>>> print(open('entry.cif').read())   # mmCIF, C-alpha atoms and all ligand atoms
data_my_file
loop_
_atom_site.label_atom_id
_atom_site.label_comp_id
_atom_site.auth_asym_id
_atom_site.auth_seq_id
_atom_site.Cartn_x
_atom_site.Cartn_y
_atom_site.Cartn_z
CA MET A 1 4.68 -5.25 -67.96
CA THR A 2 5.50 -3.06 -70.97
CA ARG A 3 7.65 -4.91 -73.46
CA PRO A 4 11.04 -3.33 -74.09
CA THR A 5 11.86 -1.87 -77.49
CA PRO A 6 14.14 -4.26 -79.38
CA THR A 7 17.70 -2.99 -79.71
CA SER A 8 20.64 -4.15 -81.81
CA GLY A 9 22.49 -5.31 -78.70
CA GLU A 10 23.34 -9.00 -78.77
CA ARG A 11 23.88 -11.35 -75.85
CA SER A 12 25.57 -14.70 -76.38
CA VAL A 13 24.91 -18.00 -74.69
CA ARG A 14 28.14 -19.30 -73.19
CA ASP A 15 29.68 -22.34 -74.91
CA ASP A 16 29.11 -24.56 -71.88
CA ALA A 17 25.76 -23.17 -70.71
CA PHE A 18 22.35 -24.83 -70.64
CA LEU A 19 19.42 -22.44 -70.28
CA VAL A 20 16.53 -24.27 -68.64
CA SER A 21 12.93 -23.30 -68.03
CA LYS A 22 9.76 -25.16 -67.16
CA THR A 23 6.16 -24.06 -67.64
CA ASP A 24 2.71 -25.15 -66.56
CA THR A 25 0.27 -26.49 -69.17
CA LYS A 26 -0.60 -22.93 -70.25
CA GLY A 27 3.03 -21.93 -70.89
CA ARG A 28 3.47 -19.89 -67.71
CA ILE A 29 6.99 -20.09 -66.28
CA THR A 30 7.27 -22.28 -63.18
CA TYR A 31 11.05 -22.68 -63.08
CA CYS A 32 14.12 -21.14 -64.65
CA ASN A 33 17.80 -21.73 -63.93
CA LEU A 34 20.45 -19.11 -63.27
CA PRO A 35 21.93 -18.96 -66.82
CA PHE A 36 18.38 -18.36 -68.13
CA ILE A 37 17.68 -15.61 -65.58
CA GLU A 38 21.05 -13.99 -66.27
CA ILE A 39 20.69 -13.80 -70.05
CA VAL A 40 17.15 -12.38 -69.76
CA GLY A 41 18.53 -9.79 -67.35
CA ALA A 42 15.57 -10.27 -65.04
CA THR A 43 15.04 -11.52 -61.52
CA GLU A 44 13.45 -14.87 -60.76
CA GLN A 45 10.44 -13.04 -59.29
CA GLU A 46 9.95 -11.14 -62.56
CA LEU A 47 9.82 -14.42 -64.50
CA LEU A 48 7.93 -16.91 -62.34
CA GLY A 49 4.23 -17.09 -63.19
CA LYS A 50 4.67 -15.06 -66.39
CA PRO A 51 3.77 -16.40 -69.86
CA HIS A 52 6.88 -17.66 -71.67
CA SER A 53 6.20 -15.10 -74.39
CA ILE A 54 7.76 -12.62 -71.94
CA VAL A 55 11.04 -13.26 -73.81
CA ARG A 56 9.44 -13.34 -77.27
CA HIS A 57 11.27 -11.33 -79.90
CA PRO A 58 9.14 -9.62 -82.59
CA ASP A 59 11.51 -11.00 -85.28
CA MET A 60 10.28 -14.54 -84.56
CA PRO A 61 7.76 -15.90 -87.07
CA ARG A 62 4.52 -17.10 -85.46
CA CYS A 63 4.59 -20.32 -87.51
CA ILE A 64 7.60 -21.57 -85.50
CA PHE A 65 5.66 -21.26 -82.22
CA LYS A 66 2.61 -22.87 -83.83
CA LEU A 67 4.79 -25.83 -84.81
CA LEU A 68 6.29 -25.90 -81.30
CA TRP A 69 2.90 -26.00 -79.56
CA ASP A 70 1.44 -28.55 -82.02
CA ARG A 71 4.36 -30.85 -81.30
CA ILE A 72 4.61 -30.57 -77.53
CA LYS A 73 0.84 -30.80 -76.97
CA ASN A 74 1.09 -34.04 -78.92
CA LYS A 75 3.87 -35.14 -76.52
CA GLU A 76 6.46 -34.96 -79.30
CA GLU A 77 9.72 -33.15 -78.70
CA ILE A 78 10.88 -30.33 -80.90
CA PHE A 79 14.25 -28.76 -81.65
CA ALA A 80 14.10 -25.16 -82.79
CA TYR A 81 16.20 -22.06 -83.31
CA VAL A 82 14.66 -19.18 -81.38
CA LYS A 83 15.56 -15.51 -81.18
CA ASN A 84 14.65 -14.17 -77.75
CA MET A 85 14.59 -10.72 -76.21
CA SER A 86 16.13 -9.79 -72.90
CA PHE A 87 14.47 -7.27 -70.58
CA ASP A 88 16.77 -4.49 -71.86
CA GLY A 89 15.68 -5.10 -75.46
CA SER A 90 18.83 -6.91 -76.56
CA TYR A 91 18.51 -10.26 -78.30
CA TYR A 92 20.01 -13.70 -77.99
CA TRP A 93 19.70 -16.76 -80.20
CA VAL A 94 19.27 -20.24 -78.78
CA PHE A 95 18.99 -23.79 -80.05
CA ALA A 96 16.12 -25.15 -77.98
CA ASN A 97 14.71 -28.56 -77.20
CA VAL A 98 11.17 -28.45 -75.83
CA THR A 99 9.21 -31.39 -74.43
CA ALA A 100 6.04 -32.16 -72.51
CA SER A 101 6.25 -33.58 -68.98
CA THR A 102 3.63 -36.21 -68.27
CA ASP A 103 2.34 -37.91 -65.16
CA ARG A 104 2.12 -41.69 -64.83
CA ASN A 105 -1.21 -41.69 -66.69
CA GLY A 106 0.33 -39.89 -69.64
CA SER A 107 -1.44 -36.59 -68.93
CA ILE A 108 0.57 -33.48 -69.63
CA VAL A 109 1.50 -31.68 -66.40
CA GLY A 110 3.80 -29.04 -67.90
CA PHE A 111 6.55 -28.35 -70.41
CA TYR A 112 10.32 -28.24 -70.25
CA SER A 113 12.93 -26.51 -72.38
CA VAL A 114 16.70 -26.78 -72.51
CA ARG A 115 18.61 -24.38 -74.73
CA ARG A 116 22.17 -24.29 -75.93
CA LYS A 117 24.33 -21.91 -77.90
CA PRO A 118 23.41 -22.16 -81.59
CA ASN A 119 26.01 -23.01 -84.19
CA PRO A 120 26.85 -19.56 -85.68
CA LYS A 121 27.03 -21.19 -89.14
CA ALA A 122 23.41 -22.35 -88.75
CA LEU A 123 22.23 -18.82 -88.04
CA LYS A 124 23.49 -17.75 -91.48
CA THR A 125 20.69 -19.94 -92.86
CA ILE A 126 18.10 -19.42 -90.13
CA ILE A 127 18.17 -15.61 -89.96
CA PRO A 128 17.25 -15.05 -93.65
CA LEU A 129 14.75 -17.94 -93.50
CA TYR A 130 12.94 -16.43 -90.50
CA GLN A 131 12.96 -13.02 -92.22
CA GLU A 132 11.25 -14.62 -95.23
CA LEU A 133 8.71 -16.38 -92.99
CA LEU A 134 7.95 -13.15 -91.14
CA ALA A 135 7.44 -11.29 -94.43
CA LYS A 136 5.10 -14.07 -95.65
CA GLU A 137 3.13 -13.80 -92.39
CA LYS A 138 2.79 -10.05 -92.75
CA ASN A 139 1.36 -10.41 -96.26
CA GLY A 140 -0.46 -13.74 -96.32
CA GLY A 141 -0.84 -14.72 -92.67
CA ILE A 142 0.52 -17.74 -90.89
CA GLU A 143 -0.72 -20.12 -93.63
CA ALA A 144 1.49 -18.39 -96.20
CA ALA A 145 4.53 -18.80 -93.94
CA GLN A 146 3.71 -22.44 -93.24
CA ALA A 147 3.36 -23.12 -96.98
CA HIS A 148 6.70 -21.42 -97.64
CA MET A 149 8.47 -23.46 -94.98
CA LYS A 150 6.88 -26.67 -96.21
CA GLN A 151 8.09 -25.94 -99.73
CA ILE A 152 11.67 -25.41 -98.51
CA LEU A 153 11.69 -28.51 -96.31
CA ASP A 154 10.01 -30.70 -98.95
CA ALA A 155 12.64 -29.66 -101.49
CA LYS A 156 15.28 -30.91 -99.05
CA GLY A 157 13.27 -34.03 -98.15
CA VAL A 158 13.47 -33.31 -94.42
CA ASP A 159 11.21 -32.15 -91.59
CA TYR A 160 11.95 -29.07 -89.48
CA ASP A 161 13.79 -31.06 -86.77
CA GLN A 162 16.02 -32.88 -89.23
CA PHE A 163 16.72 -29.57 -90.92
CA VAL A 164 17.75 -27.74 -87.74
CA ASN A 165 19.67 -30.67 -86.26
CA ALA A 166 21.71 -30.97 -89.47
CA LEU A 167 22.39 -27.22 -89.33
CA GLN A 168 23.44 -27.44 -85.68
CA ARG A 169 25.94 -30.20 -86.55
CA SER A 170 27.27 -28.42 -89.65
C1 LIG B 1 8.67 -24.91 -72.22
C2 LIG B 1 8.44 -23.77 -73.16
C3 LIG B 1 9.48 -22.93 -73.50
C4 LIG B 1 9.29 -21.85 -74.36
N1 LIG B 1 10.35 -21.04 -74.63
C5 LIG B 1 10.16 -19.93 -75.38
C6 LIG B 1 11.21 -19.02 -75.60
O1 LIG B 1 12.36 -19.21 -75.16
N2 LIG B 1 10.95 -17.91 -76.34
C7 LIG B 1 9.71 -17.65 -76.86
O2 LIG B 1 9.53 -16.61 -77.50
N3 LIG B 1 8.69 -18.51 -76.67
C8 LIG B 1 8.89 -19.64 -75.96
N4 LIG B 1 7.84 -20.51 -75.76
C9 LIG B 1 6.60 -20.28 -76.53
C10 LIG B 1 5.68 -19.27 -75.87
O3 LIG B 1 4.83 -19.97 -74.97
C11 LIG B 1 4.79 -18.56 -76.92
O4 LIG B 1 4.06 -19.51 -77.66
C12 LIG B 1 5.60 -17.70 -77.90
O5 LIG B 1 6.46 -16.83 -77.22
C13 LIG B 1 4.68 -16.91 -78.82
O6 LIG B 1 3.92 -16.06 -78.06
P1 LIG B 1 2.63 -15.32 -78.63
O7 LIG B 1 1.76 -16.39 -79.23
O8 LIG B 1 2.02 -14.65 -77.46
O9 LIG B 1 3.13 -14.38 -79.68
C14 LIG B 1 8.01 -21.60 -74.91
C15 LIG B 1 6.95 -22.45 -74.57
C16 LIG B 1 7.15 -23.52 -73.72
C17 LIG B 1 6.00 -24.43 -73.38
#
>>> encode(input="entry.cif", output="structure tokens")
Amino acid sequence: MTRPTPTSGERSVRDDAFLVSKTDTKGRITYCNLPFIEIVGATEQELLGKPHSIVRHPDMPRCIFKLLWDRIKNKEEIFAYVKNMSFDGSYYWVFANVTASTDRNGSIVGFYSVRRKPNPKALKTIIPLYQELLAKEKNGGIEAAQAHMKQILDAKGVDYDQFVNALQRS
């Protein structure tokens, strides 16, 4: 499928909505709920079996997804702000929690994500931060962005999850 061109159109997650998706171990979508399907503006058939990057927005720094995958493959949960792209090119921000699902032996059988509406105040911090990270990636690669984020978090004495959870509660 050709990716749409990003537009300036914004979609908002409803105050009471939970956007849920599940993937297999490779990150291919195996389940998505109605609020997820609706905001993407797709059909269930267009989403099932597709890599989750089908909703990736080019404004998202790669280092956030690297952190996400490092965590969930290690069976640790992650909270993250993510800008996604609908099928018509419009964008929507979410506050996501992503976890691994394991079988009774502890082997990873897939991944699970629940997203809520982000605190608009938090986005005032996240949007410029992600722009900085993206610029670092363009010039110095993912390592430069990771180093930049580490510097910011270290100065605050927090990790990424503590940082975003505090923003979400602010
Ligand atoms: C359960 C789960 C949910 C995910 N949700 C999203 C999402 O909402 N948006 C997104 O861009 N990537 C999401 N990802 C990450 C994608 O798999 C992928 O790493 C990311 O889009 C970057 O894609 P790329 O490496 O092809 O650029 C999710 C991954 C998992 C396992």
>>> residues_near_ligand(input="entry.cif", ligand="ligand LIG 1 (chain B)", cutoff="8 Å", atoms="all atoms listed in the file", output="number ranges by chain")
A: 21-29, 51-57, 60, 62, 65-66, 68-69, 72, 82-85, 94, 96, 98-100, 110-113
>>> atom_distance(input="entry.cif", atom1="CA of Asp15 in chain A", atom2="CA of Phe36 in chain A")
13.8 Å
>>> atom_distance(input="entry.cif", atom1="CA of Ile64 in chain A", atom2="CA of Glu143 in chain A")
11.7 Å
>>> residues_around(input="entry.cif", residues="range 38-45 of chain A", least_positions_apart="5", cutoff="9 Å", atoms="all atoms listed in the file", output="PyMOL selection string")
chain A and resi 11-13+19+31-33+55+84-88+90-92
>>> atom_distance(input="entry.cif", atom1="CA of Pro118 in chain A", atom2="CA of Phe18 in chain A")
11.3 Å
>>> closest_residue(input="entry.cif", among="A:Leu133, A:Asn165, A:Ile108, A:Lys138", to="Gln151 in chain A", atoms="only C-alpha atoms")
A:Leu133
>>> closest_residue(input="entry.cif", among="A:Pro120, A:Pro4, A:Gly140, A:Gly157", to="Ser170 in chain A", atoms="only C-alpha atoms")
A:Pro120
>>> closest_residue(input="entry.cif", among="A:Val114, A:Val20, A:Leu67, A:Leu48", to="Gln146 in chain A", atoms="only C-alpha atoms")
A:Leu67
>>> closest_residue(input="entry.cif", among="A:Asn119, A:Thr30, A:Thr125, A:Gln131", to="Gln168 in chain A", atoms="all atoms listed in the file")
A:Asn119
>>> residues_near_point(input="entry.cif", point="(16.6, -30.3, -91.7)", cutoff="12 Å", atoms="all atoms listed in the file", output="NGL selection string")
:A and (79-81 or 122 or 125-126 or 149-150 or 152-170)
